[in-house]
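Q: Just entry19.cif, nothing more (mmCIF, C-alpha atoms, pLDDT in the B column; chains and numbers go by the auth columns):
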```
data_work
#
loop_
_atom_site.group_PDB
_atom_site.id
_atom_site.type_symbol
_atom_site.label_atom_id
_atom_site.label_comp_id
_atom_site.label_asym_id
_atom_site.label_seq_id
_atom_site.Cartn_x
_atom_site.Cartn_y
_atom_site.Cartn_z
_atom_site.B_iso_or_equiv
_atom_site.auth_seq_id
_atom_site.auth_asym_id
ATOM 1 C CA MET A 1 46.069 -79.331 12.645 48.00 1097 A
ATOM 2 C CA VAL A 2 46.306 -77.912 9.160 49.00 1098 A
ATOM 3 C CA GLN A 3 48.845 -75.389 8.102 53.00 1099 A
ATOM 4 C CA VAL A 4 48.690 -73.437 4.916 51.00 1100 A
ATOM 5 C CA THR A 5 51.708 -71.661 3.675 51.00 1101 A
ATOM 6 C CA LEU A 6 51.262 -68.937 1.157 49.00 1102 A
ATOM 7 C CA ALA A 7 53.750 -67.542 -1.247 49.00 1103 A
ATOM 8 C CA ALA A 8 54.373 -64.553 0.998 47.00 1104 A
ATOM 9 C CA SER A 9 55.258 -66.799 3.873 51.00 1105 A
ATOM 10 C CA LEU A 10 52.099 -66.118 5.807 56.00 1106 A
ATOM 11 C CA ILE A 11 50.897 -68.876 7.946 68.00 1107 A
ATOM 12 C CA PHE A 12 47.262 -69.450 8.800 65.00 1108 A
ATOM 13 C CA ASP A 13 46.323 -71.771 11.519 66.00 1109 A
ATOM 14 C CA ILE A 14 42.896 -73.212 11.024 74.00 1110 A
ATOM 15 C CA ASP A 15 41.952 -74.973 14.214 79.00 1111 A
ATOM 16 C CA GLY A 16 39.123 -75.017 16.753 77.00 1112 A
ATOM 17 C CA THR A 17 39.643 -71.393 17.714 84.00 1113 A
ATOM 18 C CA LEU A 18 38.425 -70.374 14.261 83.00 1114 A
ATOM 19 C CA TRP A 19 34.932 -71.508 15.211 86.00 1115 A
ATOM 20 C CA VAL A 20 35.186 -69.645 18.495 89.00 1116 A
ATOM 21 C CA HIS A 21 36.221 -66.520 16.604 88.00 1117 A
ATOM 22 C CA PHE A 22 33.277 -66.948 14.230 91.00 1118 A
ATOM 23 C CA ALA A 23 30.944 -67.428 17.178 93.00 1119 A
ATOM 24 C CA LEU A 24 32.349 -64.363 18.971 94.00 1120 A
ATOM 25 C CA PHE A 25 32.117 -62.369 15.736 95.00 1121 A
ATOM 26 C CA PHE A 26 28.417 -63.255 15.304 95.00 1122 A
ATOM 27 C CA VAL A 27 27.672 -62.668 18.993 95.00 1123 A
ATOM 28 C CA LEU A 28 29.355 -59.255 18.780 95.00 1124 A
ATOM 29 C CA LEU A 29 27.569 -58.604 15.468 93.00 1125 A
ATOM 30 C CA PHE A 30 24.252 -59.440 17.135 94.00 1126 A
ATOM 31 C CA ILE A 31 25.051 -57.282 20.195 94.00 1127 A
ATOM 32 C CA MET A 32 26.312 -54.375 18.066 92.00 1128 A
ATOM 33 C CA ASN A 33 23.277 -54.689 15.828 90.00 1129 A
ATOM 34 C CA ARG A 34 21.005 -54.618 18.875 91.00 1130 A
ATOM 35 C CA LEU A 35 22.835 -51.845 20.755 92.00 1131 A
ATOM 36 C CA PHE A 36 23.944 -49.521 17.950 90.00 1132 A
ATOM 37 C CA TYR A 37 22.690 -50.280 14.458 91.00 1133 A
ATOM 38 C CA LYS A 38 18.979 -50.817 15.199 92.00 1134 A
ATOM 39 C CA PRO A 39 18.740 -47.680 17.388 91.00 1135 A
ATOM 40 C CA TYR A 40 20.583 -45.774 14.681 92.00 1136 A
ATOM 41 C CA LEU A 41 18.178 -47.071 12.023 93.00 1137 A
ATOM 42 C CA SER A 42 15.127 -46.282 14.165 93.00 1138 A
ATOM 43 C CA LEU A 43 16.515 -42.787 14.913 93.00 1139 A
ATOM 44 C CA LYS A 44 17.232 -42.233 11.234 94.00 1140 A
ATOM 45 C CA THR A 45 13.754 -43.484 10.270 95.00 1141 A
ATOM 46 C CA ARG A 46 12.139 -41.295 12.932 95.00 1142 A
ATOM 47 C CA ARG A 47 14.111 -38.249 11.782 95.00 1143 A
ATOM 48 C CA VAL A 48 13.239 -38.889 8.147 95.00 1144 A
ATOM 49 C CA SER A 49 9.539 -39.245 8.994 95.00 1145 A
ATOM 50 C CA GLU A 50 9.637 -36.141 11.225 95.00 1146 A
ATOM 51 C CA THR A 51 11.407 -34.224 8.464 95.00 1147 A
ATOM 52 C CA LYS A 52 8.775 -35.326 5.950 95.00 1148 A
ATOM 53 C CA ASP A 53 6.017 -34.336 8.391 94.00 1149 A
ATOM 54 C CA LYS A 54 7.651 -30.967 8.972 94.00 1150 A
ATOM 55 C CA LEU A 55 8.087 -30.448 5.230 95.00 1151 A
ATOM 56 C CA ILE A 56 4.420 -31.269 4.700 95.00 1152 A
ATOM 57 C CA LEU A 57 3.467 -28.908 7.534 94.00 1153 A
ATOM 58 C CA ALA A 58 5.747 -26.206 6.114 94.00 1154 A
ATOM 59 C CA ASP A 59 4.119 -26.685 2.708 94.00 1155 A
ATOM 60 C CA VAL A 60 0.688 -26.352 4.328 94.00 1156 A
ATOM 61 C CA TYR A 61 1.812 -23.181 6.125 94.00 1157 A
ATOM 62 C CA ARG A 62 3.354 -21.825 2.919 94.00 1158 A
ATOM 63 C CA THR A 63 0.139 -22.519 1.028 95.00 1159 A
ATOM 64 C CA GLY A 64 -1.851 -20.876 3.819 94.00 1160 A
ATOM 65 C CA THR A 65 0.389 -17.823 3.886 95.00 1161 A
ATOM 66 C CA GLN A 66 0.225 -17.542 0.105 95.00 1162 A
ATOM 67 C CA LYS A 67 -3.562 -17.662 0.327 94.00 1163 A
ATOM 68 C CA LEU A 68 -3.547 -15.033 3.092 93.00 1164 A
ATOM 69 C CA SER A 69 -1.125 -12.935 1.068 94.00 1165 A
ATOM 70 C CA ARG A 70 -3.436 -13.085 -1.961 95.00 1166 A
ATOM 71 C CA GLU A 71 -6.408 -12.194 0.228 94.00 1167 A
ATOM 72 C CA CYS A 72 -4.490 -9.262 1.715 94.00 1168 A
ATOM 73 C CA GLU A 73 -3.504 -8.086 -1.759 94.00 1169 A
ATOM 74 C CA GLU A 74 -7.140 -8.329 -2.847 95.00 1170 A
ATOM 75 C CA ILE A 75 -8.210 -6.334 0.218 96.00 1171 A
ATOM 76 C CA VAL A 76 -5.551 -3.694 -0.508 95.00 1172 A
ATOM 77 C CA ASP A 77 -6.580 -3.548 -4.178 95.00 1173 A
ATOM 78 C CA ARG A 78 -10.238 -3.244 -3.184 95.00 1174 A
ATOM 79 C CA ALA A 79 -9.340 -0.507 -0.681 95.00 1175 A
ATOM 80 C CA LYS A 80 -7.366 1.328 -3.373 95.00 1176 A
ATOM 81 C CA ARG A 81 -10.311 1.097 -5.780 95.00 1177 A
ATOM 82 C CA ASP A 82 -12.705 2.260 -3.072 95.00 1178 A
ATOM 83 C CA ALA A 83 -10.358 5.116 -2.151 95.00 1179 A
ATOM 84 C CA TYR A 84 -10.076 6.098 -5.827 95.00 1180 A
ATOM 85 C CA GLU A 85 -13.857 6.058 -6.195 95.00 1181 A
ATOM 86 C CA GLU A 86 -14.272 8.031 -2.969 94.00 1182 A
ATOM 87 C CA ARG A 87 -11.631 10.541 -4.078 94.00 1183 A
ATOM 88 C CA ARG A 88 -13.339 10.858 -7.474 95.00 1184 A
ATOM 89 C CA ARG A 89 -16.745 11.308 -5.806 95.00 1185 A
ATOM 90 C CA ILE A 90 -15.392 13.914 -3.366 96.00 1186 A
ATOM 91 C CA ARG A 91 -13.576 15.693 -6.183 95.00 1187 A
ATOM 92 C CA ALA A 92 -16.767 15.769 -8.294 95.00 1188 A
ATOM 93 C CA LYS A 93 -18.704 17.063 -5.284 94.00 1189 A
ATOM 94 C CA ALA A 94 -16.050 19.746 -4.692 95.00 1190 A
ATOM 95 C CA VAL A 95 -16.114 20.771 -8.366 95.00 1191 A
ATOM 96 C CA LYS A 96 -19.901 20.998 -8.231 94.00 1192 A
ATOM 97 C CA ALA A 97 -19.698 23.051 -5.021 93.00 1193 A
ATOM 98 C CA ALA A 98 -17.058 25.316 -6.585 94.00 1194 A
ATOM 99 C CA GLU A 99 -19.242 25.805 -9.660 95.00 1195 A
ATOM 100 C CA HIS A 100 -22.200 26.576 -7.417 94.00 1196 A
ATOM 101 C CA MET A 101 -20.106 29.066 -5.400 94.00 1197 A
ATOM 102 C CA LYS A 102 -18.852 30.680 -8.613 94.00 1198 A
ATOM 103 C CA ALA A 103 -22.383 30.959 -9.980 94.00 1199 A
ATOM 104 C CA GLU A 104 -23.559 32.402 -6.650 94.00 1200 A
ATOM 105 C CA ALA A 105 -20.646 34.874 -6.639 93.00 1201 A
ATOM 106 C CA ASP A 106 -21.446 35.837 -10.239 93.00 1202 A
ATOM 107 C CA ARG A 107 -25.093 36.417 -9.317 94.00 1203 A
ATOM 108 C CA GLU A 108 -24.078 38.397 -6.240 93.00 1204 A
ATOM 109 C CA SER A 109 -21.595 40.524 -8.192 93.00 1205 A
ATOM 110 C CA ASP A 110 -24.227 41.125 -10.931 92.00 1206 A
ATOM 111 C CA ARG A 111 -26.741 42.158 -8.244 94.00 1207 A
ATOM 112 C CA MET A 112 -24.188 44.436 -6.574 93.00 1208 A
ATOM 113 C CA LEU A 113 -23.253 45.949 -9.949 93.00 1209 A
ATOM 114 C CA TYR A 114 -26.908 46.525 -10.765 93.00 1210 A
ATOM 115 C CA ASP A 115 -27.517 48.099 -7.329 93.00 1211 A
ATOM 116 C CA ASN A 116 -24.452 50.347 -7.695 93.00 1212 A
ATOM 117 C CA GLU A 117 -25.563 51.404 -11.182 93.00 1213 A
ATOM 118 C CA ARG A 118 -29.003 52.305 -9.751 93.00 1214 A
ATOM 119 C CA LYS A 119 -27.357 54.289 -6.944 93.00 1215 A
ATOM 120 C CA MET A 120 -25.097 56.090 -9.411 93.00 1216 A
ATOM 121 C CA ASP A 121 -28.078 56.830 -11.686 92.00 1217 A
ATOM 122 C CA ALA A 122 -29.943 58.253 -8.680 91.00 1218 A
ATOM 123 C CA GLU A 123 -26.926 60.354 -7.644 92.00 1219 A
ATOM 124 C CA ILE A 124 -26.456 61.531 -11.224 92.00 1220 A
ATOM 125 C CA ALA A 125 -30.105 62.546 -11.341 91.00 1221 A
ATOM 126 C CA VAL A 126 -29.742 64.502 -8.066 91.00 1222 A
ATOM 127 C CA VAL A 127 -26.573 66.225 -9.280 90.00 1223 A
ATOM 128 C CA ARG A 128 -28.201 66.915 -12.673 88.00 1224 A
ATOM 129 C CA ARG A 129 -31.272 68.530 -11.031 88.00 1225 A
ATOM 130 C CA LYS A 130 -29.001 70.560 -8.793 87.00 1226 A
ATOM 131 C CA LEU A 131 -26.899 71.691 -11.755 84.00 1227 A
ATOM 132 C CA GLU A 132 -29.977 72.382 -13.868 84.00 1228 A
ATOM 133 C CA SER A 133 -31.284 74.657 -11.138 86.00 1229 A
ATOM 134 C CA GLN A 134 -27.913 76.448 -10.974 84.00 1230 A
ATOM 135 C CA VAL A 135 -27.315 76.676 -14.767 84.00 1231 A
ATOM 136 C CA PRO A 136 -29.234 79.972 -15.201 85.00 1232 A
ATOM 137 C CA GLN A 137 -27.197 81.576 -12.411 86.00 1233 A
ATOM 138 C CA TYR A 138 -23.877 80.307 -13.804 83.00 1234 A
ATOM 139 C CA ALA A 139 -24.895 81.302 -17.334 83.00 1235 A
ATOM 140 C CA ARG A 140 -25.734 84.840 -16.154 84.00 1236 A
ATOM 141 C CA MET A 141 -22.425 85.115 -14.231 84.00 1237 A
ATOM 142 C CA LEU A 142 -20.503 83.845 -17.258 83.00 1238 A
ATOM 143 C CA ALA A 143 -22.251 86.231 -19.578 83.00 1239 A
ATOM 144 C CA LEU A 144 -21.548 89.160 -17.287 83.00 1240 A
ATOM 145 C CA ARG A 145 -17.885 88.247 -17.012 83.00 1241 A
ATOM 146 C CA LEU A 146 -17.616 87.815 -20.757 83.00 1242 A
ATOM 147 C CA LEU A 147 -19.225 91.134 -21.314 82.00 1243 A
ATOM 148 C CA GLY A 148 -17.099 92.657 -18.601 79.00 1244 A
ATOM 149 C CA ARG A 149 -19.926 93.852 -16.428 74.00 1245 A
ATOM 150 C CA LYS A 150 -20.176 93.568 -12.749 71.00 1246 A
ATOM 151 C CA GLU A 151 -23.382 92.858 -11.154 63.00 1247 A
#
```
What's the structure tokens form of this structure?

A:
Amino acid sequence: MVQVTLAASLIFDIDGTLWVHFALFFVLLFIMNRLFYKPYLSLKTRRVSETKDKLILADVYRTGTQKLSRECEEIVDRAKRDAYEERRRIRAKAVKAAEHMKAEADRESDRMLYDNERKMDAEIAVVRRKLESQVPQYARMLALRLLGRKE
């Protein structure tokens, strides 16, 4: 048996039990490696690969949603342009219809004005003929009154 004494008065016994301790240490290391470390490493590897797969899938989904978002924006922009064109077309049609209605109203008012002028001219002519037939009588009555005579 060998004894080693250190300066701090520690004594190490190096005997046959050292080899037993080494053997137990390596057996326990092997068992621990088998029971805990390898499952841990496989779990960690599986989680890392699943995380990478999920990140790749998320990137694919993100790319897909960005593409769909761009397509939706294009559809909305196209709909806005179409709506603007439709609004412009309807507005132009309405302006044309309003101009047509105004022109029709102008023609109708001109026709009504012309008709009313004709009616007034006819009534004036009737009144004039009536007055012309009565002028000699009124002139005679006026003359008699001015002269102070009674008829």

Q: Give me the box for segment 1187-1198 of chain A as lines of an AutoDock Vina configuration file, namely the centre and edge lengths in Å to one decimal of a box along x, y and z that holds every listed atom plus 6 Å on each side.

A:
```
center_x = -17.9
center_y = 23.2
center_z = -7.2
size_x = 20.6
size_y = 27.0
size_z = 17.0
```

Q: Between atom CA of Leu1243 of chain A and atom CA of Lys1226 of chain A, what is the distance, to one decimal in Å?

A: 26.0 Å

Q: Could you tell me how far atom CA of Ile1186 of chain A lies from atom CA of Glu1167 of chain A, in Å and to one decimal?

A: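 Computing the Euclidean distance for atom CA of Ile1186 of chain A and atom CA of Glu1167 of chain A yields 27.8 Å.
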